[in-house]
Every structure is written in C-alpha cells, then in structure tokens.
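Text of the file my_file-v1.txt, holding compact mmCIF, C-alpha atoms:
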```
# COMPACT_ATOMS: atom_id res chain seq x y z
CA MET A 1 102.36 90.31 77.18
CA GLU A 2 105.63 92.19 77.22
CA ASN A 3 108.77 90.64 75.85
CA SER A 4 111.28 91.22 78.59
CA ALA A 5 114.95 90.38 78.37
CA ARG A 6 116.72 90.35 81.69
CA SER A 7 120.22 91.66 82.00
CA PRO A 8 122.84 88.93 82.30
CA GLN A 9 124.90 91.19 84.54
CA THR A 10 122.59 90.92 87.54
CA LEU A 11 120.96 87.70 88.63
CA LEU A 12 117.31 88.05 89.57
CA PRO A 13 116.50 87.56 93.27
CA GLY A 14 116.32 83.89 94.26
CA LEU A 15 117.82 82.52 91.05
CA LEU A 16 121.28 81.83 92.45
CA LEU A 17 119.76 80.11 95.50
CA ILE A 18 117.73 77.75 93.28
CA LEU A 19 120.79 77.03 91.16
CA ARG A 20 122.84 76.11 94.22
CA GLN A 21 120.09 73.99 95.73
CA ALA A 22 119.69 72.05 92.47
CA ALA A 23 123.46 71.48 92.27
CA TRP A 24 123.67 70.17 95.82
CA LEU A 25 120.60 67.96 95.40
CA ARG A 26 121.96 66.45 92.18
CA GLY A 27 125.32 65.88 93.86
CA ALA A 28 123.66 64.19 96.83
CA LEU A 29 121.76 61.84 94.52
CA ILE A 30 124.96 60.99 92.64
CA ALA A 31 126.66 60.15 95.94
CA LEU A 32 123.69 58.00 96.92
CA GLY A 33 123.90 56.24 93.55
CA VAL A 34 127.55 55.38 94.12
CA VAL A 35 126.75 53.91 97.53
CA LEU A 36 123.86 51.89 96.14
CA TYR A 37 125.98 50.72 93.23
CA VAL A 38 128.62 49.35 95.58
CA ALA A 39 125.91 47.61 97.57
CA LEU A 40 123.97 46.18 94.62
CA TYR A 41 126.77 45.43 92.15
CA PRO A 42 129.88 44.62 94.18
CA GLY A 43 131.37 42.51 91.41
CA LEU A 44 131.02 45.03 88.59
CA GLY A 45 133.79 47.38 87.61
CA ALA A 46 131.95 50.58 86.70
CA LEU A 47 132.83 52.46 89.87
CA PRO A 48 135.47 54.71 88.18
CA PRO A 49 132.95 56.14 85.66
CA LEU A 50 130.51 56.80 88.47
CA LEU A 51 133.25 58.54 90.44
CA ALA A 52 133.99 60.63 87.34
CA ILE A 53 130.35 61.70 87.26
CA GLY A 54 130.60 62.55 90.95
CA ALA A 55 133.71 64.64 90.29
CA GLU A 56 131.83 66.52 87.57
CA ARG A 57 129.05 67.25 90.05
CA ALA A 58 131.56 68.47 92.63
CA ALA A 59 133.12 70.80 90.07
CA PHE A 60 129.69 72.24 89.25
CA ILE A 61 128.89 72.75 92.93
CA ALA A 62 132.18 74.63 93.28
CA LEU A 63 131.27 76.80 90.28
CA VAL A 64 127.90 77.91 91.67
CA SER A 65 128.95 78.10 95.33
CA TRP A 66 132.31 79.89 95.11
CA ASN A 67 131.44 83.58 95.14
CA VAL A 68 134.94 84.69 94.17
CA LEU A 69 134.85 82.63 90.98
CA ARG A 70 131.31 83.77 90.20
CA LYS A 71 132.31 87.43 90.51
CA LYS A 72 135.36 86.91 88.31
CA LEU A 73 133.22 85.32 85.61
CA GLY A 74 130.74 88.18 85.80
CA ALA A 75 128.18 88.10 82.97
CA ARG A 76 129.62 84.80 81.71
CA PHE A 77 128.72 82.94 84.91
CA LEU A 78 125.07 82.17 84.24
CA PRO A 79 125.44 81.16 80.55
CA LEU A 80 128.31 78.86 81.58
CA ALA A 81 126.27 77.29 84.39
CA LEU A 82 123.19 76.84 82.18
CA GLY A 83 125.26 75.35 79.35
CA TRP A 84 126.80 72.93 81.82
CA LEU A 85 123.33 71.90 83.05
CA PHE A 86 122.06 71.44 79.48
CA LEU A 87 125.03 69.34 78.40
CA THR A 88 125.82 66.95 81.26
CA PRO A 89 122.50 64.98 81.43
CA VAL A 90 122.66 64.21 77.71
CA LEU A 91 126.33 63.17 77.93
CA GLU A 92 125.57 60.89 80.86
CA ILE A 93 122.80 59.13 78.91
CA ALA A 94 124.93 58.81 75.76
CA PHE A 95 127.95 57.60 77.76
CA ALA A 96 125.93 54.94 79.57
CA PHE A 97 124.23 53.53 76.48
CA LEU A 98 127.22 53.71 74.15
CA ALA A 99 129.63 52.12 76.59
CA ARG A 100 130.95 48.75 75.63
CA ASP A 101 130.94 47.70 79.28
CA GLU A 102 127.67 45.96 80.06
CA THR A 103 127.86 47.36 83.57
CA LEU A 104 127.30 50.89 82.33
CA ARG A 105 124.39 49.71 80.21
CA VAL A 106 122.82 48.21 83.32
CA ILE A 107 123.45 51.44 85.20
CA GLY A 108 121.90 53.47 82.41
CA MET A 109 118.80 51.26 82.25
CA GLN A 110 118.39 51.15 86.05
CA ALA A 111 119.26 54.76 86.80
CA ASP A 112 116.23 55.29 89.01
CA VAL A 113 117.20 52.35 91.19
CA LEU A 114 120.69 53.74 91.66
CA GLY A 115 119.41 57.13 92.88
CA ILE A 116 121.04 58.95 89.97
CA SER A 117 117.54 59.55 88.60
CA SER A 118 116.87 59.80 84.90
CA PRO A 119 119.44 62.42 83.85
CA LEU A 120 117.12 64.08 81.33
CA ILE A 121 114.71 65.03 84.11
CA TRP A 122 117.35 67.52 85.31
CA LEU A 123 116.97 69.49 82.10
CA VAL A 124 114.04 71.19 83.84
CA VAL A 125 116.50 73.21 85.92
CA PRO A 126 118.28 75.09 83.10
CA VAL A 127 114.98 75.62 81.23
CA VAL A 128 113.33 77.19 84.28
CA LEU A 129 116.37 79.32 85.13
CA ALA A 130 116.79 80.51 81.53
CA ALA A 131 113.12 81.57 81.38
CA TRP A 132 113.47 83.17 84.81
CA GLN A 133 116.53 85.26 84.03
CA TYR A 134 116.18 86.02 80.30
CA GLY A 135 112.42 85.87 79.71
CA ARG A 136 111.10 84.87 76.30
CA ARG A 137 114.53 85.00 74.70
CA GLY A 138 115.90 82.61 77.31
CA LEU A 139 112.95 80.23 76.98
CA PHE A 140 113.16 80.04 73.18
CA SER A 141 116.93 79.56 73.34
CA ALA A 142 116.53 76.76 75.90
CA LEU A 143 113.93 75.00 73.75
CA GLY A 144 116.19 75.27 70.72
CA ILE A 145 119.06 73.68 72.67
CA LEU A 146 116.74 70.88 73.85
CA VAL A 147 115.66 70.08 70.28
CA VAL A 148 119.26 69.97 69.05
CA GLU A 149 120.34 67.81 72.00
CA HIS A 150 117.53 65.29 71.57
CA VAL A 151 118.11 65.04 67.83
CA ALA A 152 121.83 64.43 68.42
CA LEU A 153 121.07 61.92 71.16
CA GLY A 154 118.55 60.10 68.98
CA ILE A 155 121.08 59.83 66.16
CA ALA A 156 123.79 58.62 68.54
CA LEU A 157 121.55 55.94 70.06
CA TRP A 158 119.78 54.94 66.83
CA SER A 159 119.05 51.24 66.70
CA GLY A 160 116.23 51.05 64.20
CA VAL A 161 112.90 52.59 63.24
CA PRO A 162 110.92 51.33 66.25
CA PHE A 163 113.51 52.85 68.58
CA GLY A 164 113.53 56.09 66.59
CA VAL A 165 109.74 56.47 66.72
CA SER A 166 109.63 55.69 70.42
CA PHE A 167 112.49 58.07 71.18
CA ALA A 168 110.95 60.85 69.05
CA LEU A 169 107.61 60.60 70.84
CA SER A 170 109.29 60.55 74.24
CA ALA A 171 111.50 63.50 73.32
CA ALA A 172 108.57 65.52 71.97
CA GLY A 173 106.57 64.94 75.15
CA ARG A 174 109.54 65.85 77.32
CA ILE A 175 110.28 69.05 75.39
CA ALA A 176 106.58 70.04 75.41
CA MET A 177 106.42 69.54 79.18
CA LEU A 178 109.56 71.60 79.71
CA ALA A 179 108.23 74.31 77.36
CA ILE A 180 105.00 74.60 79.34
CA LEU A 181 106.85 74.71 82.62
CA GLY A 182 109.30 77.34 81.35
CA TYR A 183 106.45 79.41 79.91
CA VAL A 184 104.59 79.41 83.23
CA VAL A 185 107.74 80.47 85.06
CA MET A 186 108.35 83.22 82.51
CA LEU A 187 104.78 84.55 82.96
CA LEU A 188 105.10 84.52 86.75
CA VAL A 189 108.41 86.38 86.66
CA GLU A 190 107.11 88.94 84.16
CA THR A 191 104.03 89.51 86.33
CA GLN A 192 106.23 89.93 89.39
CA GLN A 193 108.44 92.39 87.58
CA ARG A 194 105.46 94.41 86.36
CA GLU A 195 104.13 94.59 89.89
CA HIS A 196 107.59 95.58 91.12
CA ARG A 197 107.82 98.35 88.53
CA ALA A 198 104.31 99.50 89.41
CA LEU A 199 105.31 99.61 93.07
CA GLU A 200 108.42 101.61 92.23
CA ASP A 201 106.31 104.03 90.18
CA ALA A 202 103.86 104.35 93.07
CA ASN A 203 106.74 105.01 95.47
CA ARG A 204 108.13 107.68 93.15
CA GLN A 205 104.72 109.30 92.87
CA LEU A 206 104.30 109.14 96.63
CA ALA A 207 107.71 110.73 97.15
CA HIS A 208 106.82 113.42 94.60
CA ARG A 209 103.51 114.10 96.31
CA ALA A 210 105.21 114.22 99.69
CA ALA A 211 107.72 116.73 98.34
CA THR A 212 104.88 118.74 96.80
CA ALA A 213 102.95 118.66 100.06
CA GLU A 214 106.05 119.80 101.92
CA GLN A 215 106.56 122.66 99.47
CA LEU A 216 102.89 123.57 99.79
CA ALA A 217 103.15 123.53 103.57
CA GLU A 218 106.21 125.77 103.40
CA SER A 219 104.38 128.10 101.02
CA ARG A 220 101.38 128.25 103.35
CA GLU A 221 103.66 128.92 106.29
CA ARG A 222 105.34 131.78 104.42
CA ASN A 223 101.92 133.19 103.54
CA ARG A 224 100.82 132.88 107.15
CA MET A 225 103.94 134.66 108.35
CA ALA A 226 103.41 137.34 105.71
CA ARG A 227 99.86 137.85 106.95
CA GLU A 228 100.96 137.88 110.58
CA LEU A 229 103.82 140.30 110.02
CA HIS A 230 101.55 142.47 107.90
CA ASP A 231 98.94 142.39 110.67
CA ILE A 232 101.50 143.39 113.28
CA LEU A 233 103.29 146.01 111.26
CA ALA A 234 100.19 147.54 109.66
CA HIS A 235 98.62 148.35 113.02
CA SER A 236 101.87 149.33 114.68
CA LEU A 237 103.08 151.57 111.87
CA SER A 238 99.66 153.18 111.54
CA ALA A 239 99.63 153.98 115.26
CA LEU A 240 103.23 155.14 115.10
CA GLY A 241 102.40 157.42 112.17
CA ILE A 242 99.55 158.99 114.11
CA GLN A 243 101.83 159.54 117.10
CA LEU A 244 104.48 161.19 114.94
CA GLN A 245 101.89 163.51 113.39
CA MET A 246 100.77 164.59 116.83
CA ILE A 247 104.36 165.14 117.91
CA ALA A 248 104.97 167.29 114.82
CA LYS A 249 101.95 169.47 115.70
CA LEU A 250 102.72 169.74 119.44
CA ILE A 251 106.48 170.24 119.38
CA ASP A 252 106.27 174.01 118.70
CA HIS A 253 103.33 174.72 121.04
CA ASN A 254 103.38 172.20 123.89
CA LEU A 255 106.76 170.60 124.45
CA ASP A 256 105.68 168.54 127.48
CA GLU A 257 102.75 167.00 125.59
CA ALA A 258 105.04 166.35 122.65
CA LYS A 259 107.45 164.47 124.94
CA THR A 260 104.57 162.39 126.27
CA GLU A 261 103.51 161.47 122.75
CA LEU A 262 107.15 160.69 121.90
CA ARG A 263 107.37 158.24 124.79
CA GLU A 264 104.15 156.65 123.60
CA ALA A 265 105.60 156.32 120.09
CA GLN A 266 108.72 154.71 121.51
CA THR A 267 106.56 152.20 123.39
CA ILE A 268 104.65 151.35 120.21
CA ALA A 269 107.90 150.86 118.28
CA ARG A 270 109.36 148.69 121.04
CA ASN A 271 106.25 146.51 121.29
CA SER A 272 106.14 146.13 117.51
CA ALA A 273 109.76 145.01 117.44
CA ASN A 274 109.03 142.45 120.17
CA GLU A 275 106.05 141.12 118.24
CA VAL A 276 108.09 140.75 115.07
CA ARG A 277 110.87 138.97 116.93
CA ARG A 278 108.36 136.62 118.54
CA ALA A 279 106.81 135.81 115.17
CA ILE A 280 110.21 135.09 113.63
CA GLN A 281 111.15 132.93 116.61
CA GLN A 282 107.96 130.91 116.20
CA LEU A 283 108.83 130.42 112.54
CA ARG A 284 112.28 129.10 113.37
CA ALA A 285 111.33 127.00 116.39
CA THR A 286 110.14 123.43 116.09
CA PRO A 287 108.21 122.83 119.34
CA LEU A 288 106.06 120.11 117.76
CA ALA A 289 109.08 118.06 116.72
CA ASP A 290 110.74 118.54 120.10
CA LEU A 291 107.77 118.25 122.47
CA GLY A 292 104.76 116.85 120.63
CA LEU A 293 101.43 118.61 120.20
CA ALA A 294 100.08 118.36 123.76
CA GLU A 295 103.28 119.47 125.52
CA ALA A 296 103.92 122.18 122.93
CA LEU A 297 100.48 123.68 123.68
CA ARG A 298 101.11 123.49 127.43
CA GLU A 299 104.45 125.24 126.97
CA LEU A 300 102.72 127.90 124.85
CA CYS A 301 100.22 128.54 127.67
CA ARG A 302 102.91 128.61 130.39
CA ALA A 303 105.07 131.05 128.44
CA GLN A 304 102.20 133.46 127.82
CA ALA A 305 101.04 133.23 131.45
CA GLU A 306 104.53 134.21 132.65
CA ARG A 307 104.82 136.95 130.07
CA THR A 308 101.40 138.58 130.59
CA GLY A 309 100.48 137.67 134.18
CA ALA A 310 97.08 136.41 133.06
CA GLN A 311 95.56 133.38 134.80
CA PHE A 312 95.66 130.35 132.50
CA ASP A 313 93.44 127.32 132.98
CA TYR A 314 94.53 124.74 130.42
CA GLN A 315 93.39 121.13 130.18
CA ILE A 316 95.20 119.56 127.25
CA ALA A 317 94.74 115.84 126.67
CA ASP A 318 97.61 113.67 125.45
CA ILE A 319 96.35 112.98 121.94
CA ALA A 320 97.72 110.06 119.94
CA ALA A 321 100.13 111.16 117.22
CA LEU A 322 98.37 112.77 114.26
CA ASP A 323 99.66 113.55 110.80
CA ALA A 324 102.17 116.41 110.70
CA LEU A 325 99.90 118.85 108.85
CA THR A 326 97.03 118.43 111.33
CA GLU A 327 99.31 118.90 114.35
CA GLN A 328 100.90 121.95 112.73
CA THR A 329 97.44 123.41 112.03
CA VAL A 330 96.22 122.93 115.62
CA TYR A 331 99.38 124.41 117.07
CA ARG A 332 99.46 127.42 114.74
CA ILE A 333 95.78 128.25 115.30
CA ALA A 334 96.30 128.02 119.06
CA HIS A 335 99.36 130.25 118.80
CA GLU A 336 97.51 132.83 116.69
CA ALA A 337 94.49 132.84 119.01
CA LEU A 338 96.66 133.32 122.11
CA ALA A 339 98.71 136.01 120.33
CA ASN A 340 95.49 137.88 119.55
CA ILE A 341 94.48 137.64 123.20
CA GLU A 342 97.83 139.04 124.28
CA ARG A 343 97.79 141.87 121.73
CA HIS A 344 94.19 142.98 121.82
CA ALA A 345 92.02 141.35 124.50
CA ALA A 346 93.53 142.70 127.77
CA ALA A 347 92.26 139.45 129.34
CA THR A 348 92.97 138.41 132.92
CA ARG A 349 91.76 134.83 132.53
CA VAL A 350 92.27 132.41 129.62
CA GLU A 351 90.95 128.85 129.23
CA VAL A 352 92.45 126.36 126.77
CA ARG A 353 90.98 122.90 126.10
CA LEU A 354 92.21 120.15 123.76
CA GLU A 355 90.15 116.97 123.66
CA THR A 356 88.71 114.27 121.42
CA CYS A 357 84.98 113.65 121.15
CA PRO A 358 82.92 110.92 119.50
CA GLU A 359 81.12 113.50 117.37
CA SER A 360 80.87 117.19 116.67
CA PHE A 361 78.84 119.08 119.31
CA GLY A 362 79.89 122.44 117.98
CA PHE A 363 78.89 124.29 114.86
CA ALA A 364 77.73 122.71 111.60
CA GLN A 365 77.22 119.47 113.54
CA ASP A 366 75.20 117.56 110.95
CA LYS A 367 77.61 118.27 108.10
CA LEU A 368 80.75 117.39 110.07
CA HIS A 369 79.23 114.31 111.67
CA ARG A 370 78.08 112.93 108.31
CA ARG A 371 81.58 113.36 106.94
CA VAL A 372 83.26 111.93 110.03
CA GLY A 373 81.22 108.71 110.20
CA ASP A 374 82.88 106.42 112.75
CA SER A 375 85.84 108.76 113.22
CA ARG A 376 86.40 111.00 116.22
CA VAL A 377 86.62 114.77 116.37
CA LEU A 378 89.58 116.72 117.74
CA ARG A 379 88.37 119.92 119.40
CA LEU A 380 90.44 122.89 120.47
CA THR A 381 88.66 125.55 122.54
CA ILE A 382 90.26 128.84 123.64
CA CYS A 383 88.24 131.34 125.72
CA ASP A 384 89.16 134.64 127.37
CA ASN A 385 87.40 137.29 129.48
CA GLY A 386 88.88 140.18 127.55
CA VAL A 387 87.34 143.17 125.85
CA GLY A 388 85.94 141.14 122.96
CA PHE A 389 85.02 142.53 119.56
CA ASP A 390 82.37 142.42 116.88
CA PRO A 391 83.43 139.73 114.33
CA ARG A 392 81.35 141.47 111.65
CA ALA A 393 83.32 144.68 112.11
CA ILE A 394 86.80 143.22 111.56
CA GLN A 395 88.93 145.55 109.49
CA GLN A 396 89.67 144.58 105.91
CA GLY A 397 93.41 144.36 106.48
CA HIS A 398 93.26 142.16 109.61
CA PHE A 399 94.56 138.77 108.39
CA GLY A 400 94.79 136.85 111.70
CA LEU A 401 91.29 135.37 111.72
CA ILE A 402 91.40 134.87 107.96
CA GLY A 403 94.62 132.86 108.25
CA MET A 404 93.18 130.73 111.07
CA THR A 405 90.09 129.94 109.02
CA GLU A 406 92.17 129.02 105.97
CA ARG A 407 94.39 126.74 108.07
CA ALA A 408 91.35 124.89 109.45
CA ARG A 409 89.87 124.51 105.97
CA ASP A 410 93.14 123.08 104.61
CA VAL A 411 92.86 120.02 106.89
CA GLY A 412 89.11 119.58 106.45
CA GLY A 413 88.30 121.21 109.78
CA GLN A 414 85.99 124.02 110.83
CA LEU A 415 86.72 127.13 112.86
CA ARG A 416 84.22 129.29 114.74
CA VAL A 417 84.97 132.56 116.52
CA GLU A 418 82.36 133.86 118.96
CA SER A 419 82.84 137.29 120.50
CA GLU A 420 80.96 140.32 121.70
CA ALA A 421 82.27 143.67 122.84
CA GLY A 422 82.95 143.56 126.58
CA LYS A 423 82.16 139.82 126.91
CA GLY A 424 85.36 138.13 125.81
CA THR A 425 86.07 135.76 122.90
CA GLN A 426 85.75 132.03 122.26
CA VAL A 427 87.61 130.22 119.46
CA ILE A 428 86.56 126.65 118.60
CA LEU A 429 88.41 124.40 116.16
CA GLU A 430 87.08 120.97 115.19
CA ILE A 431 88.93 118.45 112.96
CA ALA A 432 87.90 114.92 112.10
CA ILE A 433 90.64 112.41 113.00
```
Please express what this file holds, its structure, as structure tokens.
Amino acid sequence: MENSARSPQTLLPGLLLILRQAAWLRGALIALGVVLYVALYPGLGALPPLLAIGAERAAFIALVSWNVLRKKLGARFLPLALGWLFLTPVLEIAFAFLARDETLRVIGMQADVLGISSPLIWLVVPVVLAAWQYGRRGLFSALGILVVEHVALGIALWSGVPFGVSFALSAAGRIAMLAILGYVVMLLVETQQREHRALEDANRQLAHRAATAEQLAESRERNRMARELHDILAHSLSALGIQLQMIAKLIDHNLDEAKTELREAQTIARNSANEVRRAIQQLRATPLADLGLAEALRELCRAQAERTGAQFDYQIADIAALDALTEQTVYRIAHEALANIERHAAATRVEVRLETCPESFGFAQDKLHRRVGDSRVLRLTICDNGVGFDPRAIQQGHFGLIGMTERARDVGGQLRVESEAGKGTQVILEIAI
C-alpha cells in the first residue's frame, strides 16, 4: 500500500462539498436544539450559552461557504477548518460539564434530547476529511489529536477512579472506531487515485499510439505517393527517352518523321505532367473528410467519366462510418484502380460496386470467414472491359498493384486482381468490418 500525501493546495474532488454539508447539518441541529430547549426548559437561563454555540456554528458555516475567504486563506483553509472541527466538540463537552450552572449540566447530560447530538460524534468529520485529503499522514495526525484531546478532557472532567476507567474505555472505543473509519476512507481514496493515475497513463499511451498511428499513416501515404510518382514518371520518361532517340536519328534524314515523333514526345510530356498534377492534387485533397467514403467514391467515378468519356456503372452503398484508416484504404485502392484503368486499359465501360456482405464469397473464403466470425465483410469491386494484362508478367518497377496489395494487408483485408489480355480487369477488395 502506497503512502500518499495529498497536496494541501488543492482540495480533492468532493471534499469541500462534504465539509459544507457537515457544517450546515451541525448548524441545523444546533438551531433545533435551541428551539427544543426553549420548549422543554422555559424557566432555565442557559439560552445565552446555547446562542453562543449557534454563533460559533454560523461562523464555521461562513468559513467553509464563503469562497472569497477560502481563496484568501489558500493552503491554510483546510488545516484551519479541520482544527476547528477537532476543537469545538471537546470544548462544548468540557463547557457543559464544568459549568457551575446546573442548567448546562442538564443540557450536557441530555444532549441527544436537545438535538445537539453528542458533540464527540462529530469528530468523525475531521478524521474522515483528514484521511481523505492527506492520506496516512492525515490519519495519523488526526488520531494523535484525538488522543491528546481525550486525555485533556478526561483530566478536566476527572471525578474519581471509576469515572476515569469508564471514560478511558469509552474514549478508547471511540478512537478505535474513528481510526477504522478513517483507515477505510484512506484506502478507498488511495484506490481511487491509483485508478485515476492508471487511467491517465492509459490515456497518455492511447494518445501516443494515436500519434504514432498518424505518423505511420503519413509515412505510408508518402511511400504510396513515391511509388505512384515513380510509376508515372518511370514509364513516361522511358517513353520520352525513346522518342528523343528516334528524333535524334531522324532529324538529319527525315525531317517530317522527326516532327511527328517530336509531337508524340510533347504529348507524352504533357500527359505525364497532368498525371503528376493529379497525383499531387489527390494528396492534398481531403474528399473523405468533406464527403464521406460513399460520396467520395461516387465523385471519383463521375470525375473520371467526364474526363475519359467512358461509361461508368457505379452502385455504391452508403456504408456506416468506419475507422479512418479503413476508409482511407478503400478510397486509395479505388483511386489507384481507376487511375490504372484510365492510364492503361483503354476501357469504354467501367463498373464499380461497394457493398457489405455477411461473409466472404471471394477469394480465400475459409480463412477470411474464420477470422471475421460474426462480423461483416466490406467488398469493393472494380471491373473494366479494357485491354487487360497478364498479372504474372507485371514489370518489376510497376508499384501500383504492389501498393494496393500492401494497403489492403495493412487493414487486415485481401486484394485480388483478375485480368487476361484482351478480356479486361477485375479488382476485388474485401475487409472485415
């Protein structure tokens, strides 16, 4: 068990509320005692002392309820309030029993009847609050004060050995009860604080992991853009280099053919520049944040249909919000697949489907379904009637399909690309959600 010492500068949550409630309750009982005294003992003259006790209670209520005074006292506020609570019950008992006026003796002996309650019972409040705010140090200090107070009270009220033995036993029982109660409170507060610190640590770790995940996502995005730009520029610059070599050979022998090749080189350079600009624009744009996944995919299809003139048939379901990484993965794979169709497929018809299914009907069904369990599967399907290609004959430097596969793997999904020369291409992405 840790030995915690709370700072006196800042009151723990709820402590001030308990202090105020105890002050008001004690004040209300004092007021009730005065009323009952007037009703039960109209001929006795102890009303002024009772009113003095009431004034003391009112002053204490003002101390704990007046925020301006509490702020001015600062760190001294709680020790002052606890000292007050420790001292006043003992003084009330001593005053009542030492008074020469028989009235006060009657009041002291019949305190419960008068609604004042046995003053020593109220010592539970400062003991609990000291253990609450200051931990073990506060509890041990409170118990020390209780022992000193009861010894002093026993000496002041001494009237013989029988009284002393009886008072000592009563005091020991009372202090033991208060010690147990304060110890339980201290354990509860320490447990609460440990859980609070553990929660703060967990929140810090979660924030750190979120920042790490964000950095990782940014790193992956930079790598994807590097692969995409490399893919675009490698092919374009290679083709441009070939065109320039042909121009260099033809310019001295066949000027017209050289001009034709030059125009072709200009077209390649222009198309490459457009592709690079489009890639950079996709990096800067945030269609997912602005539109959501479904509408962002629809906008992607509409834009490519207008740009290429191809017929697009897209049926994109409005999927419930997914985690950001999954949505980003689906969108980027769709964008890459459509970009490949535009660059290489020469397709006149493109189909795009986004849907959820109860299980995987695509590739590696058994493996995915076992992992999914009761979850559903998000499936993205993109088909075209273009020239197709042989997936086994993809050039070593072509990073588009590699990047799409890596993206799918990062979110626990699977990607399949089916194609055959002259028969178009089908891209299927499945992710458990």
Item to check | Contacts of A:Leu85 at 10 Å (only C-alpha atoms; same-chain gap of 4+ positions) as a list of chain:residue names | outcome: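 In the requested form, the answer reads A:Leu19, A:Ala23, A:Phe60, A:Pro79, A:Leu80, A:Ala81, A:Pro89, A:Val90, A:Trp122, A:Leu123, A:Val124, A:Val125, A:Pro126, A:Val127.
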Next on the checklist: Taking 3 positions as the minimum chain separation for residues in the same chain, which residues sit within 12 Å of A:Met177 when counting only C-alpha atoms? Answer as a list in words.
Outcome noted: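 The residues that qualify are Ile121, Leu123, Val124, Val127, Val128, Leu143, Leu146, Ser170, Ala171, Ala172, Gly173, Arg174, Ile180, Leu181, Gly182, Tyr183 and Val184 of chain A.
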Checklist entry - Can you tell me, as a list in words, what residues are no more than 10 Å from A:Ile251 when counting all atoms listed in the file, ignoring any on the same chain fewer than 6 positions away? => result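 Skipping anything fewer than 6 positions along the chain leaves Glu257, Ala258, Lys259, Glu261 and Leu262 of chain A.
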Take the residues from that selection and put them in a file with C-alpha atoms, as a compact mmCIF listing (two decimals), in the coordinates of the input.
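So the final result, stored in out_14.txt, reads:
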```txt
# COMPACT_ATOMS: atom_id res chain seq x y z
CA GLU A 257 102.75 167.00 125.59
CA ALA A 258 105.04 166.35 122.65
CA LYS A 259 107.45 164.47 124.94
CA GLU A 261 103.51 161.47 122.75
CA LEU A 262 107.15 160.69 121.90
```
Checklist entry - Hey, which of A:Arg349, A:Arg57, A:Arg209, A:His150 ends up closest to A:Ala28? Count only C-alpha atoms. => result A:Arg57
Checklist entry - Nearest to A:Leu178 among A:Gln414, A:Ala131, A:Asp252, A:Pro13, with distances taken over only C-alpha atoms: which residue is it? => result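 Residue with the minimum atom-to-atom distance to A:Leu178: A:Ala131.
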Checklist outcome for this item: re atom CA of A:Ala294 and atom CA of A:Arg376: distance 17.3 Å
Item to check | Closest of A:Leu69, A:Leu63, A:Glu351, A:Leu15 to A:Val189 - atom-to-atom distances counting only C-alpha atoms | outcome: A:Leu15
Item to check | Selection: 9 Å around A:Thr326, only C-alpha atoms, excl. self and same-chain fewer than 6 positions, as a PyMOL selection string | outcome: chain A and resi 408+411+431+433
Item to check | For A:Asp318: contacts at 10 Å, all atoms listed in the file, fewer than 6 positions along chain excluded, given as a list in words | outcome: Gly292, Leu293, Ala294, Glu295, Leu354, Glu355 and Thr356 of chain A
Item to check | atom CA of A:Thr329 to atom CA of A:Asp410, straight-line distance in Å | outcome: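 So the answer is 8.6 Å.
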Checklist entry - Mind pulling up the distance from atom CA of A:Lys423 to atom CA of A:Arg392? => result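 Straight-line distance from atom CA of A:Arg392 to atom CA of A:Lys423 works out to 15.4 Å.
Of the residues under consideration (A:Ser236, A:Ser159, A:Gln304, A:Gln315), A:Ser236 shows the shortest atom-to-atom contact distance to A:Ser272 when counting only C-alpha atoms.
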Item to check | Which residue of A:Leu250, A:Ile93, A:Leu51, A:Leu187 approaches A:Ala156 most closely, using all atoms listed in the file | outcome: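 Among the listed residues, A:Ile93 lies closest to A:Ala156.
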Would you save stretch 292-303 of chain A to a file, keeping N, CA, C and O atoms, as a compact mmCIF listing (two decimals), in the first residue's frame?
```
# COMPACT_ATOMS: atom_id res chain seq x y z
N GLY A 292 -17.33 12.00 -47.11
CA GLY A 292 -17.58 10.64 -46.65
C GLY A 292 -17.18 9.65 -47.73
O GLY A 292 -17.03 9.99 -48.91
N LEU A 293 -17.02 8.39 -47.33
CA LEU A 293 -16.49 7.38 -48.24
C LEU A 293 -17.38 7.17 -49.46
O LEU A 293 -16.90 7.20 -50.61
N ALA A 294 -18.67 6.93 -49.24
CA ALA A 294 -19.56 6.61 -50.36
C ALA A 294 -19.61 7.74 -51.38
O ALA A 294 -19.43 7.53 -52.58
N GLU A 295 -19.85 8.98 -50.92
CA GLU A 295 -19.96 10.10 -51.85
C GLU A 295 -18.61 10.42 -52.50
O GLU A 295 -18.56 10.83 -53.66
N ALA A 296 -17.52 10.22 -51.76
CA ALA A 296 -16.20 10.45 -52.35
C ALA A 296 -15.95 9.49 -53.50
O ALA A 296 -15.38 9.87 -54.54
N LEU A 297 -16.36 8.21 -53.36
CA LEU A 297 -16.20 7.25 -54.45
C LEU A 297 -17.09 7.61 -55.63
O LEU A 297 -16.68 7.49 -56.80
N ARG A 298 -18.32 8.04 -55.36
CA ARG A 298 -19.20 8.46 -56.46
C ARG A 298 -18.59 9.64 -57.21
O ARG A 298 -18.61 9.68 -58.46
N GLU A 299 -18.05 10.61 -56.48
CA GLU A 299 -17.44 11.77 -57.11
C GLU A 299 -16.22 11.35 -57.94
O GLU A 299 -15.97 11.89 -59.02
N LEU A 300 -15.47 10.37 -57.44
CA LEU A 300 -14.32 9.85 -58.18
C LEU A 300 -14.76 9.24 -59.51
O LEU A 300 -14.13 9.48 -60.55
N CYS A 301 -15.85 8.48 -59.47
CA CYS A 301 -16.38 7.87 -60.71
C CYS A 301 -16.90 8.94 -61.67
O CYS A 301 -16.64 8.88 -62.88
N ARG A 302 -17.66 9.91 -61.15
CA ARG A 302 -18.20 10.96 -62.02
C ARG A 302 -17.09 11.75 -62.70
O ARG A 302 -17.16 12.06 -63.90
N ALA A 303 -16.07 12.10 -61.92
CA ALA A 303 -14.98 12.90 -62.49
C ALA A 303 -14.25 12.14 -63.59
O ALA A 303 -13.93 12.71 -64.65
```
